[in-house]
Structures are given as C-alpha cells and as structure tokens.
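Trainee: So here's input-v9.txt, just compact mmCIF, C-alpha atoms:
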```txt
# COMPACT_ATOMS: atom_id res chain seq x y z
CA MET A 1 44.35 264.98 42.21
CA THR A 2 47.66 265.53 40.46
CA THR A 3 48.89 263.31 37.69
CA ALA A 4 51.98 262.34 39.77
CA ARG A 5 49.73 260.65 42.35
CA ALA A 6 47.52 258.84 39.78
CA PRO A 7 49.94 255.89 39.19
CA GLN A 8 50.35 255.42 42.96
CA MET A 9 46.58 255.42 43.45
CA LEU A 10 46.15 252.86 40.65
CA ILE A 11 48.76 250.58 42.23
CA PHE A 12 47.08 250.96 45.65
CA ALA A 13 43.65 250.23 44.19
CA GLY A 14 45.01 247.17 42.33
CA ALA A 15 46.61 245.84 45.53
CA LEU A 16 43.30 246.26 47.40
CA LEU A 17 41.43 244.36 44.68
CA LEU A 18 44.02 241.57 44.78
CA LEU A 19 43.75 241.26 48.56
CA ALA A 20 39.96 241.25 48.39
CA ALA A 21 40.01 238.46 45.79
CA CYS A 22 42.38 236.33 47.92
CA GLY A 23 40.50 236.90 51.16
CA GLY A 24 37.12 235.64 52.14
CA GLU A 25 36.38 231.93 52.14
CA GLU A 26 39.09 229.47 52.87
CA ARG A 27 39.99 227.25 49.93
CA SER A 28 41.80 223.95 49.96
CA LEU A 29 43.35 221.88 47.22
CA ASP A 30 41.42 218.74 46.35
CA ILE A 31 44.20 216.32 45.40
CA SER A 32 41.75 213.81 43.94
CA THR A 33 41.19 216.11 40.96
CA THR A 34 44.83 216.93 40.30
CA SER A 35 46.82 215.16 37.63
CA THR A 36 48.82 212.06 38.48
CA THR A 37 52.50 212.62 39.16
CA LEU A 38 55.22 210.45 37.67
CA ILE A 39 58.28 209.81 39.82
CA ALA A 40 61.23 207.49 39.53
CA THR A 41 60.97 204.41 41.71
CA PRO A 42 64.47 203.60 42.92
CA LEU A 43 63.62 199.94 43.55
CA GLU A 44 65.22 196.98 41.87
CA PRO A 45 63.22 194.13 40.37
CA GLU A 46 62.22 191.44 42.86
CA THR A 47 65.25 189.54 44.10
CA THR A 48 63.52 187.55 46.81
CA MET A 49 60.78 185.02 46.33
CA PRO A 50 57.29 186.55 46.39
CA SER A 51 55.19 185.88 49.47
CA VAL A 52 52.94 182.85 49.19
CA PRO A 53 49.81 182.54 51.35
CA THR A 54 48.97 179.14 52.82
CA GLU A 55 45.82 178.96 50.68
CA ASN A 56 45.12 180.09 47.15
CA PRO A 57 42.55 182.91 47.33
CA ASP A 58 41.60 182.10 43.71
CA THR A 59 40.21 185.58 43.02
CA ALA A 60 42.01 186.38 39.75
CA SER A 61 40.04 186.08 36.52
CA SER A 62 40.34 182.81 34.61
CA GLU A 63 41.48 184.80 31.54
CA VAL A 64 44.49 186.23 33.38
CA ILE A 65 45.38 182.76 34.70
CA GLU A 66 45.09 181.17 31.24
CA LYS A 67 47.24 183.88 29.64
CA ALA A 68 49.92 183.47 32.31
CA ILE A 69 49.99 179.69 31.83
CA LEU A 70 50.21 180.07 28.04
CA ASP A 71 53.11 182.53 28.39
CA LEU A 72 55.04 180.30 30.82
CA SER A 73 54.43 177.25 28.64
CA ALA A 74 55.77 179.04 25.56
CA ARG A 75 58.64 180.62 27.47
CA SER A 76 59.83 177.44 29.21
CA LYS A 77 58.77 174.89 26.53
CA VAL A 78 56.78 173.00 29.18
CA ALA A 79 53.32 171.51 28.59
CA GLU A 80 50.47 173.53 30.07
CA ASP A 81 49.41 170.47 32.10
CA ASP A 82 52.81 170.50 33.85
CA ILE A 83 52.20 174.01 35.23
CA THR A 84 50.44 174.40 38.59
CA VAL A 85 48.60 177.51 39.75
CA VAL A 86 49.93 178.26 43.25
CA VAL A 87 48.21 181.62 43.80
CA ALA A 88 45.71 183.51 41.67
CA GLU A 89 44.51 186.67 43.39
CA ALA A 90 43.02 190.04 42.64
CA VAL A 91 45.25 192.76 44.08
CA THR A 92 45.50 196.53 44.22
CA TRP A 93 49.01 197.54 43.27
CA PRO A 94 50.43 200.62 45.07
CA ASP A 95 51.62 202.26 41.84
CA GLY A 96 51.94 201.89 38.09
CA SER A 97 54.89 199.47 38.40
CA LEU A 98 52.31 196.77 39.21
CA GLY A 99 54.62 195.41 41.90
CA CYS A 100 57.47 194.92 39.46
CA PRO A 101 59.51 198.15 39.28
CA GLN A 102 62.32 198.41 36.77
CA PRO A 103 65.46 200.49 37.49
CA GLY A 104 65.24 204.04 36.13
CA ALA A 105 61.61 203.74 35.06
CA PHE A 106 58.88 206.23 35.96
CA TYR A 107 55.52 205.10 37.32
CA THR A 108 52.21 206.73 38.13
CA GLN A 109 51.72 207.13 41.86
CA ALA A 110 48.17 205.86 42.01
CA LEU A 111 46.48 202.65 43.12
CA VAL A 112 46.01 200.19 40.26
CA ASP A 113 43.62 197.23 40.36
CA GLY A 114 45.05 194.05 38.93
CA SER A 115 46.05 190.46 39.57
CA ARG A 116 48.95 188.35 40.79
CA VAL A 117 49.36 184.79 39.57
CA LEU A 118 52.12 182.54 40.90
CA LEU A 119 52.81 179.46 38.80
CA GLU A 120 54.98 176.44 39.61
CA SER A 121 56.78 174.29 37.10
CA GLY A 122 59.67 171.92 37.71
CA GLY A 123 60.26 173.13 41.28
CA ARG A 124 60.43 176.76 40.12
CA LEU A 125 57.99 179.54 41.02
CA TYR A 126 57.08 182.21 38.45
CA ALA A 127 55.39 185.49 39.40
CA TYR A 128 52.96 186.97 36.88
CA HIS A 129 51.47 190.42 37.49
CA ALA A 130 48.68 192.19 35.62
CA GLY A 131 47.00 195.58 35.71
CA ALA A 132 43.41 196.50 35.02
CA ASP A 133 43.88 195.52 31.35
CA GLY A 134 44.20 191.86 32.39
CA GLU A 135 47.43 191.32 30.43
CA PRO A 136 49.82 189.35 32.67
CA PHE A 137 53.58 189.68 32.39
CA LEU A 138 56.38 187.76 34.08
CA CYS A 139 57.87 189.77 36.92
CA GLU A 140 61.27 188.18 36.44
CA SER A 141 63.75 187.26 39.14
CA SER A 142 67.45 187.74 38.50
CA ALA A 143 67.74 184.02 37.58
CA GLY A 144 68.15 183.19 33.91
CA ASP A 145 64.65 181.69 33.61
CA GLY A 146 63.00 184.49 35.60
CA GLY A 147 61.78 182.10 38.30
CA TYR A 148 62.61 181.24 41.89
CA ASP A 149 63.59 177.97 43.59
CA TRP A 150 60.46 176.98 45.44
CA VAL A 151 59.46 174.68 48.23
CA PRO A 152 55.84 175.02 49.44
CA PRO A 153 55.62 176.72 52.84
CA PRO A 154 54.40 174.64 55.81
CA GLY A 155 50.62 174.33 55.72
CA PHE A 156 50.37 175.27 52.04
CA ASP A 157 47.19 173.88 50.52
CA THR A 158 47.42 173.04 46.81
```
Now, as a test, write the supplied structure out as structure tokens.

Mentor:
Amino acid sequence: MTTARAPQMLIFAGALLLLAACGGEERSLDISTTSTTLIATPLEPETTMPSVPTENPDTASSEVIEKAILDLSARSKVAEDDITVVVAEAVTWPDGSLGCPQPGAFYTQALVDGSRVLLESGGRLYAYHAGADGEPFLCESSAGDGGYDWVPPPGFDT
C-alpha cells in the first residue's frame, strides 16, 4: 500500500465505523427524561371572570384556603368573617404560569399540581392560585382591586 492511499483508507475505515455505530437497533428519544423547556406564553392576565362550578368541590387544602383568606383580608381591609369561600379545588395547571400568565414571562411547559381558591367579598370575586408549594397568590383582574364583579350562577350552591 502506498502512503498516498493511506489517508483515504483511514477516512473510509472511519466512515464504516461511524455507519456501524449508527446502524443496528432503532433508538427513540424518551421525552420524559429530557429537560423542561421554557417558552414565552403570549397570553395576557385573566380579563374575564374565572369559571365557577355550581358546587364547591372543596378539595383544596385548608392551609391554602386560610392563606388566601388572610391575604385578601389584609389586601382589602375586610374582616376574615366577611370573606366567603366560593370554590376551593385541587387542580393540575397546564404550565408553570399556574393559570395566571404574565405578559413577557417565561414558564415551564410541564403539568403542575396546585390549587384554585375563589373568594367573594362585597360582591367581588377574587381568584387565588397556588402551585405545589401551597403558597396562594391573587391572580389579579385588570380592575384596581384585582377582583371581578360577581353574581352567583344559576344553581350555585354556597
């Protein structure tokens, strides 16, 4: 073999090894083990009143409910006894925005267990959302107090 052909033979042998390594069993990507992707959610904060079921499922933890009531009481300067729990439910949020996306923010695209608590005070409805950490926050409307005008839907059971 001449030395002029040696580099060509090495390239050929390397290509064969590469093809052999790529061939064989079929492999697929398991997306459950890949890292979570962050993307911008082009949604605005809630501008319409949140949906209210006709009955309160009452599946949220009492700690989340208590924290939401304490926050609304402090925020609105209303006595805790004047705040009514309309809905308290465990939910699975579709992404890291916890159902309350903010313009220009980035959120994990993964399901997140949490809670939704809707509170009523003075004819206003306030939506509190929480993630797995159990720390509720007010998902504010565009109104100055962050709430919504609210009239119970027909058949609503308090």

Trainee: Hey, can you check how far CA of Val78 in chain A sits from CA of Ala127 in chain A?

Mentor: 16.2 Å

Trainee: Find the spatial neighbours of Thr84 in chain A, counting all atoms listed in the file, within a cut-off of 7 Å - ignore same-chain residues fewer than 6 positions away - and output them as a PyMOL selection string.

Mentor: chain A and resi 119-121

Trainee: Any chance you can output those residues with C-alpha atoms as a PDB file, keeping the file's coordinate frame?

Mentor:
```pdb
ATOM      1  CA  LEU A 119      52.810 179.460  38.800  1.00  0.00           C
ATOM      2  CA  GLU A 120      54.980 176.440  39.610  1.00  0.00           C
ATOM      3  CA  SER A 121      56.780 174.290  37.100  1.00  0.00           C
TER       4      SER A 121
END
```

Trainee: Rounded to one decimal in Å, what is the spacing between CA of Gln109 in chain A and CA of Gly131 in chain A?

Mentor: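 Interatomic distance here is 13.9 Å.
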
Trainee: Would you mind telling me which residue in A:Ala60, A:Leu118, A:Ala105, A:Leu111 lies nearest to Ile83 in chain A when using only C-alpha atoms?

Mentor: A:Leu118

Trainee: List as a PDB file with C-alpha atoms, in the frame of the given file the residues having at least one atom at most 8 Å from position (51.6, 185.3, 39.3) as given in the file, counting all atoms listed in the file.

Mentor:
```
ATOM      1  CA  ALA A  68      49.920 183.470  32.310  1.00  0.00           C
ATOM      2  CA  VAL A  87      48.210 181.620  43.800  1.00  0.00           C
ATOM      3  CA  ALA A  88      45.710 183.510  41.670  1.00  0.00           C
ATOM      4  CA  SER A 115      46.050 190.460  39.570  1.00  0.00           C
ATOM      5  CA  ARG A 116      48.950 188.350  40.790  1.00  0.00           C
ATOM      6  CA  VAL A 117      49.360 184.790  39.570  1.00  0.00           C
ATOM      7  CA  LEU A 118      52.120 182.540  40.900  1.00  0.00           C
ATOM      8  CA  LEU A 119      52.810 179.460  38.800  1.00  0.00           C
ATOM      9  CA  TYR A 126      57.080 182.210  38.450  1.00  0.00           C
ATOM     10  CA  ALA A 127      55.390 185.490  39.400  1.00  0.00           C
ATOM     11  CA  TYR A 128      52.960 186.970  36.880  1.00  0.00           C
ATOM     12  CA  HIS A 129      51.470 190.420  37.490  1.00  0.00           C
ATOM     13  CA  PRO A 136      49.820 189.350  32.670  1.00  0.00           C
ATOM     14  CA  LEU A 138      56.380 187.760  34.080  1.00  0.00           C
TER      15      LEU A 138
END
```

Trainee: What does the distance between CA of Thr59 in chain A and CA of Gly134 in chain A come to in Å, to one decimal place?

Mentor: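 Value for the CA of Thr59 in chain A-CA of Gly134 in chain A distance: 13.0 Å.
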
Trainee: Return the padded bounding box of range 110-119 of chain A as lines of an AutoDock Vina configuration file: axis-aligned, built from all atoms listed in the file, 3 Å added on each side, with centre and edge lengths in Å to one decimal.

Mentor:
```
center_x = 48.2
center_y = 192.7
center_z = 41.0
size_x = 15.2
size_y = 32.4
size_z = 10.3
```

Trainee: Do you know which residues are at most 10 Å from Ser76 in chain A counting all atoms listed in the file, after dropping those on the same chain fewer than 4 positions away, and could you put them as a list in words?

Mentor: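 Residues near the query, excluding close chain neighbours: Asp71, Leu72, Ser121 and Asp145 of chain A.
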
Trainee: Go through A:Val52, A:Val86, A:Val151, A:Ile65 and flag the residue nearest Gly123 in chain A, using all atoms listed in the file for the distances.

Mentor: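 Answer, going by the shortest atom-to-atom distance: A:Val151.
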
Trainee: Which residues are close to Thr54 in chain A, i.e. within 8 Å by all atoms listed in the file, leaving aside same-chain residues fewer than 4 positions away? Reply as an MDAnalysis selection string.

Mentor: chainID A and resid 153:157

Trainee: The selected residues should be written to file as a JSON list (two decimals), keeping the file's coordinate frame (atoms: C-alpha atoms).

Mentor:
```
[["chain", "number", "residue", "atom", "x", "y", "z"],
["A", 153, "PRO", "CA", 55.62, 176.72, 52.84],
["A", 154, "PRO", "CA", 54.40, 174.64, 55.81],
["A", 155, "GLY", "CA", 50.62, 174.33, 55.72],
["A", 156, "PHE", "CA", 50.37, 175.27, 52.04],
["A", 157, "ASP", "CA", 47.19, 173.88, 50.52]]
```

Trainee: Hey, which of A:Ala143, A:Met49, A:Val91, A:Val85 ends up closest to Glu66 in chain A? Count all atoms listed in the file.

Mentor: A:Val85

Trainee: Name all residues at most 7 Å from Ala110 in chain A (count all atoms listed in the file; drop same-chain ones fewer than 5 positions away) and give them as a ChimeraX atom specification.

Mentor: /A:94-96

Trainee: Any chance you could export the current selection's C-alpha atoms as a short mmCIF file (atom, residue, chain, number, x, y, z; two decimals), keeping the file's coordinate frame?

Mentor:
```cif
data_model
loop_
_atom_site.label_atom_id
_atom_site.label_comp_id
_atom_site.auth_asym_id
_atom_site.auth_seq_id
_atom_site.Cartn_x
_atom_site.Cartn_y
_atom_site.Cartn_z
CA PRO A 94 50.43 200.62 45.07
CA ASP A 95 51.62 202.26 41.84
CA GLY A 96 51.94 201.89 38.09
#
```

Trainee: Given the choices A:Asp133, A:Arg124, A:Arg75, A:Leu70, which gets closest to Tyr148 in chain A if the distance is worked out from all atoms listed in the file?

Mentor: A:Arg124
